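As stored in structure-v7.csv (CSV, C-alpha atoms):
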```
chain,number,residue,atom,x,y,z
A,1,MET,CA,0.0,0.0,0.0
A,2,ASP,CA,1.3,3.4,-0.9
A,3,PHE,CA,0.9,6.5,1.1
A,4,ASN,CA,-1.8,8.0,-1.1
A,5,THR,CA,-3.9,4.9,-0.6
A,6,PHE,CA,-3.4,5.2,3.1
A,7,LEU,CA,-4.6,8.8,3.1
A,8,SER,CA,-7.5,8.0,0.8
A,9,ASN,CA,-8.6,5.2,3.3
A,10,LEU,CA,-8.4,7.7,6.2
A,11,ASN,CA,-10.6,10.1,4.2
A,12,THR,CA,-13.0,7.4,3.3
A,13,MET,CA,-13.3,6.3,7.0
A,14,GLY,CA,-14.2,9.9,7.9
A,15,PHE,CA,-10.9,10.5,9.7
A,16,TYR,CA,-10.5,14.1,8.5
A,17,SER,CA,-14.1,15.1,8.6
A,18,PHE,CA,-15.0,13.5,12.0
A,19,VAL,CA,-12.1,11.9,14.0
A,20,LEU,CA,-9.6,14.7,13.8
A,21,PRO,CA,-12.1,17.6,14.5
A,22,TRP,CA,-13.6,15.5,17.3
A,23,ILE,CA,-10.1,15.0,18.9
A,24,LEU,CA,-9.3,18.7,18.5
A,25,PHE,CA,-12.5,19.8,20.3
A,26,LEU,CA,-12.2,17.0,22.8
A,27,MET,CA,-8.8,18.5,23.8
A,28,ILE,CA,-10.1,22.1,23.8
A,29,PHE,CA,-13.1,21.3,26.0
A,30,TYR,CA,-11.0,19.0,28.3
A,31,ALA,CA,-8.5,21.8,28.9
A,32,ILE,CA,-11.3,24.2,29.8
A,33,LEU,CA,-13.1,21.7,32.0
A,34,VAL,CA,-9.9,20.7,33.9
A,35,LYS,CA,-9.5,24.4,34.9
A,36,ALA,CA,-13.2,24.8,35.7
A,37,PRO,CA,-13.9,25.7,39.3
A,38,PHE,CA,-17.1,23.6,39.6
A,39,LEU,CA,-15.1,20.4,39.0
A,40,ASN,CA,-12.5,21.1,41.7
A,41,GLN,CA,-14.4,19.2,44.4
A,42,ALA,CA,-15.2,16.2,42.2
A,43,PRO,CA,-13.4,13.0,43.3
A,44,LYS,CA,-12.6,11.9,39.7
A,45,LYS,CA,-12.2,15.2,38.1
A,46,ASN,CA,-10.2,14.1,35.0
A,47,GLN,CA,-12.6,11.2,34.2
A,48,ILE,CA,-15.7,13.5,34.5
A,49,ALA,CA,-13.9,16.1,32.4
A,50,ILE,CA,-13.1,13.5,29.7
A,51,ILE,CA,-16.7,12.3,29.4
A,52,ILE,CA,-18.2,15.8,29.3
A,53,ALA,CA,-15.5,16.9,26.8
A,54,ALA,CA,-16.1,13.9,24.5
A,55,ILE,CA,-19.9,14.6,24.4
A,56,LEU,CA,-19.4,18.3,23.8
A,57,GLY,CA,-16.8,17.5,21.1
A,58,LEU,CA,-19.4,15.2,19.4
A,59,PHE,CA,-22.0,17.9,19.4
A,60,THR,CA,-19.5,20.5,18.1
A,61,VAL,CA,-18.4,18.3,15.2
A,62,ASN,CA,-22.0,17.5,14.3
A,63,TYR,CA,-22.8,21.2,13.8
A,64,PRO,CA,-22.1,22.6,10.3
A,65,LEU,CA,-21.0,26.2,10.1
A,66,ASN,CA,-22.9,28.1,7.3
A,67,GLY,CA,-23.6,24.8,5.6
A,68,ILE,CA,-20.0,23.8,5.6
A,69,PRO,CA,-19.1,20.6,7.6
A,70,LEU,CA,-16.7,21.4,10.4
A,71,GLY,CA,-14.1,18.9,9.1
A,72,GLN,CA,-14.0,20.6,5.7
A,73,LEU,CA,-13.7,24.0,7.3
A,74,LEU,CA,-10.8,22.8,9.5
A,75,SER,CA,-9.1,21.1,6.5
A,76,ASP,CA,-9.3,24.3,4.5
A,77,MET,CA,-8.1,26.4,7.5
A,78,PHE,CA,-5.1,24.2,8.2
A,79,GLY,CA,-4.3,24.0,4.5
A,80,TRP,CA,-4.2,27.8,4.3
A,81,SER,CA,-2.0,28.0,7.3
A,82,SER,CA,0.6,25.4,6.2
A,83,VAL,CA,3.1,28.1,5.3
A,84,TYR,CA,3.0,29.4,8.9
A,85,ILE,CA,3.2,25.9,10.3
A,86,ALA,CA,6.3,25.3,8.2
A,87,GLY,CA,7.8,28.5,9.5
A,88,ILE,CA,7.2,27.4,13.1
A,89,LEU,CA,8.9,24.1,12.4
A,90,VAL,CA,11.9,26.0,11.0
A,91,VAL,CA,12.1,28.0,14.2
A,92,ILE,CA,11.9,24.8,16.3
A,93,LEU,CA,14.8,23.4,14.2
A,94,PHE,CA,16.9,26.5,14.8
A,95,LEU,CA,16.2,26.3,18.5
A,96,GLY,CA,17.3,22.7,18.4
A,97,MET,CA,20.5,23.6,16.6
A,98,GLY,CA,21.0,26.4,19.2
A,99,GLY,CA,21.0,24.0,22.1
A,100,PHE,CA,17.4,23.7,23.2
A,101,LYS,CA,17.2,20.5,25.1
A,102,LEU,CA,14.4,17.9,24.9
A,103,GLU,CA,14.5,17.4,28.7
A,104,THR,CA,12.8,20.8,29.2
A,105,LEU,CA,9.7,19.4,27.5
A,106,THR,CA,9.6,15.8,28.9
A,107,GLY,CA,11.6,15.9,32.1
A,108,GLU,CA,13.6,12.8,32.7
A,109,ASN,CA,10.9,10.4,31.5
A,110,LYS,CA,11.6,9.5,27.9
A,111,MET,CA,9.1,6.7,27.8
A,112,PRO,CA,6.4,8.6,25.9
A,113,ILE,CA,8.8,9.5,23.2
A,114,ALA,CA,10.1,6.0,23.0
A,115,ILE,CA,6.6,4.5,22.7
A,116,ILE,CA,5.7,7.0,20.0
A,117,LEU,CA,8.8,6.3,18.0
A,118,ALA,CA,8.3,2.5,18.4
A,119,LEU,CA,4.7,2.8,17.2
A,120,LEU,CA,5.8,5.0,14.2
A,121,ALA,CA,8.5,2.5,13.3
A,122,ILE,CA,6.0,-0.4,13.4
A,123,LEU,CA,3.6,1.6,11.3
A,124,VAL,CA,6.3,2.5,8.7
A,125,LEU,CA,7.6,-1.1,8.6
A,126,GLY,CA,4.1,-2.4,8.1
A,127,GLN,CA,3.4,0.2,5.4
A,128,ALA,CA,6.7,-0.8,3.7
A,129,GLY,CA,5.5,-4.4,3.5
A,130,PHE,CA,7.8,-5.9,6.2
A,131,PRO,CA,7.0,-9.7,6.1
A,132,LEU,CA,6.1,-10.0,9.8
A,133,LEU,CA,3.7,-7.0,9.7
A,134,ARG,CA,2.0,-7.6,6.4
A,135,LEU,CA,-1.6,-6.5,6.7
A,136,ASP,CA,-3.9,-5.0,4.2
A,137,ASP,CA,-4.1,-1.2,3.8
A,138,VAL,CA,-7.5,-0.9,5.5
A,139,THR,CA,-6.3,-2.8,8.6
A,140,TRP,CA,-3.2,-0.5,8.9
A,141,THR,CA,-5.5,2.5,8.6
A,142,LEU,CA,-7.7,1.2,11.3
A,143,ILE,CA,-4.7,0.4,13.6
A,144,PHE,CA,-3.5,4.0,13.1
A,145,VAL,CA,-6.9,5.5,14.0
A,146,MET,CA,-7.3,3.2,17.1
A,147,LEU,CA,-3.8,4.0,18.3
A,148,LEU,CA,-4.4,7.7,18.0
A,149,ILE,CA,-7.7,7.6,19.8
A,150,GLY,CA,-6.4,5.2,22.4
A,151,GLY,CA,-3.3,7.4,23.1
A,152,ALA,CA,-5.5,10.5,23.5
A,153,VAL,CA,-7.8,8.7,26.0
A,154,MET,CA,-4.9,7.2,27.9
A,155,PHE,CA,-3.1,10.6,28.1
A,156,LEU,CA,-6.3,12.4,29.3
A,157,GLY,CA,-7.4,9.6,31.6
A,158,GLU,CA,-4.4,9.8,33.9
A,159,THR,CA,-5.4,11.4,37.2
A,160,GLU,CA,-3.2,13.5,39.4
A,161,GLU,CA,-3.1,10.6,41.9
A,162,ASP,CA,-1.9,8.2,39.1
A,163,ILE,CA,0.9,10.7,38.2
A,164,VAL,CA,2.1,10.9,41.8
A,165,LYS,CA,2.1,7.1,42.1
A,166,ARG,CA,4.0,6.7,38.8
A,167,LYS,CA,6.6,9.2,39.8
A,168,ALA,CA,7.1,7.5,43.1
A,169,ALA,CA,7.5,4.2,41.4
A,170,GLU,CA,10.0,5.7,39.0
A,171,ALA,CA,11.9,7.3,41.9
A,172,ALA,CA,12.0,3.9,43.7
A,173,ALA,CA,13.3,2.2,40.6
A,174,ASN,CA,16.0,4.8,40.1
A,175,LYS,CA,17.2,4.4,43.8
A,176,LYS,CA,17.6,0.6,43.2
A,177,GLU,CA,20.0,1.3,40.3
```

What does this structure look like when you write it as C-alpha cells?
Amino acid sequence: MDFNTFLSNLNTMGFYSFVLPWILFLMIFYAILVKAPFLNQAPKKNQIAIIIAAILGLFTVNYPLNGIPLGQLLSDMFGWSSVYIAGILVVILFLGMGGFKLETLTGENKMPIAIILALLAILVLGQAGFPLLRLDDVTWTLIFVMLLIGGAVMFLGETEEDIVKRKAAEAAANKKE
C-alpha cells in the first residue's frame, strides 16, 4: 500500500471530517473543564472532564457552520496556514541547533517519546511491507486510528493521583539502580 492509498482510506473512513475535528474539540473542552472551578471538588475530576469533553466534542463536530461541515472547514483552514506551520517548524529546528534540550519538555521520563517512536517504526515497517507485519491497507489505517484515539484517551485519563504514584515508582526504581 502506498501513502496515497493510506490517506485515501483515512478520508473514506471519515478521519479528516470527523475523527480529527472531534479530537481537536475534545482537547479544547477538556483543557477548559480541567480548569473549571465547579469540578475542583469532584473525586474523579479528570474522568468526569473527559466524558463531558467527549460529548461536547461530538455535538460540536455535528454542527455545520454556514452549511460547511466542520471537518471541511478545519481542513481548509489548516491547508491555508501550512506556510505558517512550516515557519514554526523552521524556528523549532533552529532552537534545536542552538542547544534547546528535549529534557525541558519531557523531564527525565523519555518513555512517551520511545513509545511514539516505536509505534511509528512499526507503522512505517508495516506500510513498507515488512513480512512479519504484512496486513492490508484498511487494517493498517484502522490500527493507526485506534492508536491515535487510544493514546488520547490514555493521556487524558491519567489522574493526578496516578501521576504521583507513577513518579514515586520511577523514583524507587532509580534508587535501586

Test item: residues at most 9 Å from Ala54 (chain A), only C-alpha atoms, excluding those fewer than 6 positions along its chain, as number ranges by chain: A: 22-23, 25-27, 29-30

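Going from CA of Pro64 (chain A) to CA of Met13 (chain A) covers 18.8 Å.
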
Atomic separation - CA of Gly71 (chain A) relative to CA of Phe18 (chain A), Å: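 Between CA of Phe18 (chain A) and CA of Gly71 (chain A) the gap is 6.2 Å.
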
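The shortest atom-to-atom distance to Thr139 (chain A), with only C-alpha atoms taken into account, belongs to A:Asn9 out of A:Gln47, A:Asn9, A:Asn4, A:Ser17.
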
Of the listed residues A:Leu119, A:Ala36, A:Leu74, A:Leu93, that which approaches Leu20 (chain A) most closely, counting only C-alpha atoms: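 Closest to Leu20 (chain A), using only C-alpha atoms: A:Leu74.
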
8 Å contact set for Lys45 (chain A), only C-alpha atoms, chain neighbours under 4 positions out, as a PyMOL selection string: chain A and resi 34+39-41+49+159

Atom-to-atom span, CA of Lys35 (chain A) and CA of Ile48 (chain A), Å: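 Distance reported for this atom pair: 12.5 Å.
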
Test item: residues at most 10 Å from Leu148 (chain A), all atoms listed in the file, excluding those fewer than 5 positions along its chain, as number ranges by chain: A: 19-20, 23, 142-143, 153-154

Among listed residues A:Phe94, A:Ile28, A:Met146, A:Phe6, nearest Ile50 (chain A) (using all atoms listed in the file): A:Ile28

Counting all atoms listed in the file, the option among A:Val138, A:Thr60, A:Met111, A:Glu160 closest to Pro21 (chain A):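 Of all the options, A:Thr60 lies closest to Pro21 (chain A).
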
Spatial neighbours of Tyr16 (chain A), 8 Å, all atoms listed in the file, chain gap at least 6 places, as a PyMOL selection string: chain A and resi 10+71-72+75

Could you add the missing atoms to region 162-173 of chain A, up to all heavy atoms, and return them as a compact mmCIF listing (two decimals), in the frame of the given file?
```txt
# COMPACT_ATOMS: atom_id res chain seq x y z
N ASP A 162 -2.64 9.20 39.94
CA ASP A 162 -1.90 8.20 39.10
C ASP A 162 -0.50 8.79 38.80
O ASP A 162 0.49 8.05 38.80
CB ASP A 162 -2.62 7.93 37.82
CG ASP A 162 -3.92 7.18 38.05
OD1 ASP A 162 -4.04 6.52 39.10
OD2 ASP A 162 -4.79 7.26 37.17
N ILE A 163 -0.42 10.08 38.52
CA ILE A 163 0.90 10.70 38.20
C ILE A 163 1.79 10.64 39.40
O ILE A 163 2.97 10.31 39.27
CB ILE A 163 0.65 12.17 37.73
CG1 ILE A 163 -0.10 12.19 36.40
CG2 ILE A 163 1.98 12.91 37.62
CD1 ILE A 163 -0.57 13.56 35.97
N VAL A 164 1.27 10.93 40.59
CA VAL A 164 2.10 10.90 41.80
C VAL A 164 2.58 9.45 42.04
O VAL A 164 3.76 9.24 42.35
CB VAL A 164 1.28 11.40 43.02
CG1 VAL A 164 2.00 11.13 44.31
CG2 VAL A 164 1.00 12.88 42.86
N LYS A 165 1.70 8.45 41.87
CA LYS A 165 2.10 7.10 42.10
C LYS A 165 3.17 6.64 41.06
O LYS A 165 4.13 5.96 41.40
CB LYS A 165 0.89 6.14 41.93
CG LYS A 165 -0.06 6.20 43.10
CD LYS A 165 -1.23 5.28 42.88
CE LYS A 165 -2.26 5.37 43.99
NZ LYS A 165 -3.42 4.53 43.73
N ARG A 166 2.99 7.06 39.79
CA ARG A 166 4.00 6.70 38.80
C ARG A 166 5.31 7.31 39.05
O ARG A 166 6.34 6.65 38.93
CB ARG A 166 3.45 7.15 37.38
CG ARG A 166 4.38 6.82 36.24
CD ARG A 166 3.80 7.16 34.89
NE ARG A 166 3.16 8.46 34.79
CZ ARG A 166 3.81 9.61 34.58
NH1 ARG A 166 5.11 9.62 34.46
NH2 ARG A 166 3.14 10.74 34.49
N LYS A 167 5.33 8.58 39.47
CA LYS A 167 6.60 9.20 39.80
C LYS A 167 7.28 8.61 40.98
O LYS A 167 8.50 8.49 41.01
CB LYS A 167 6.38 10.73 39.97
CG LYS A 167 6.09 11.46 38.68
CD LYS A 167 6.02 12.94 38.86
CE LYS A 167 5.76 13.60 37.51
NZ LYS A 167 5.73 15.05 37.60
N ALA A 168 6.49 8.19 41.98
CA ALA A 168 7.10 7.50 43.10
C ALA A 168 7.67 6.19 42.75
O ALA A 168 8.75 5.82 43.21
CB ALA A 168 5.99 7.33 44.21
N ALA A 169 7.00 5.45 41.87
CA ALA A 169 7.50 4.20 41.40
C ALA A 169 8.81 4.38 40.60
O ALA A 169 9.76 3.60 40.73
CB ALA A 169 6.48 3.44 40.56
N GLU A 170 8.84 5.42 39.77
CA GLU A 170 10.00 5.70 39.00
C GLU A 170 11.20 6.10 39.91
O GLU A 170 12.34 5.68 39.70
CB GLU A 170 9.78 6.83 37.98
CG GLU A 170 8.90 6.42 36.84
CD GLU A 170 8.50 7.61 35.95
OE1 GLU A 170 8.96 8.74 36.22
OE2 GLU A 170 7.76 7.37 34.99
N ALA A 171 10.90 6.88 40.94
CA ALA A 171 11.90 7.30 41.90
C ALA A 171 12.49 6.07 42.64
O ALA A 171 13.70 5.95 42.86
CB ALA A 171 11.40 8.31 42.87
N ALA A 172 11.60 5.16 43.03
CA ALA A 172 12.00 3.90 43.70
C ALA A 172 12.89 3.07 42.80
O ALA A 172 13.88 2.49 43.23
CB ALA A 172 10.83 3.16 44.21
N ALA A 173 12.53 2.99 41.54
CA ALA A 173 13.30 2.20 40.60
C ALA A 173 14.68 2.83 40.35
O ALA A 173 15.67 2.12 40.21
CB ALA A 173 12.55 2.08 39.27
```
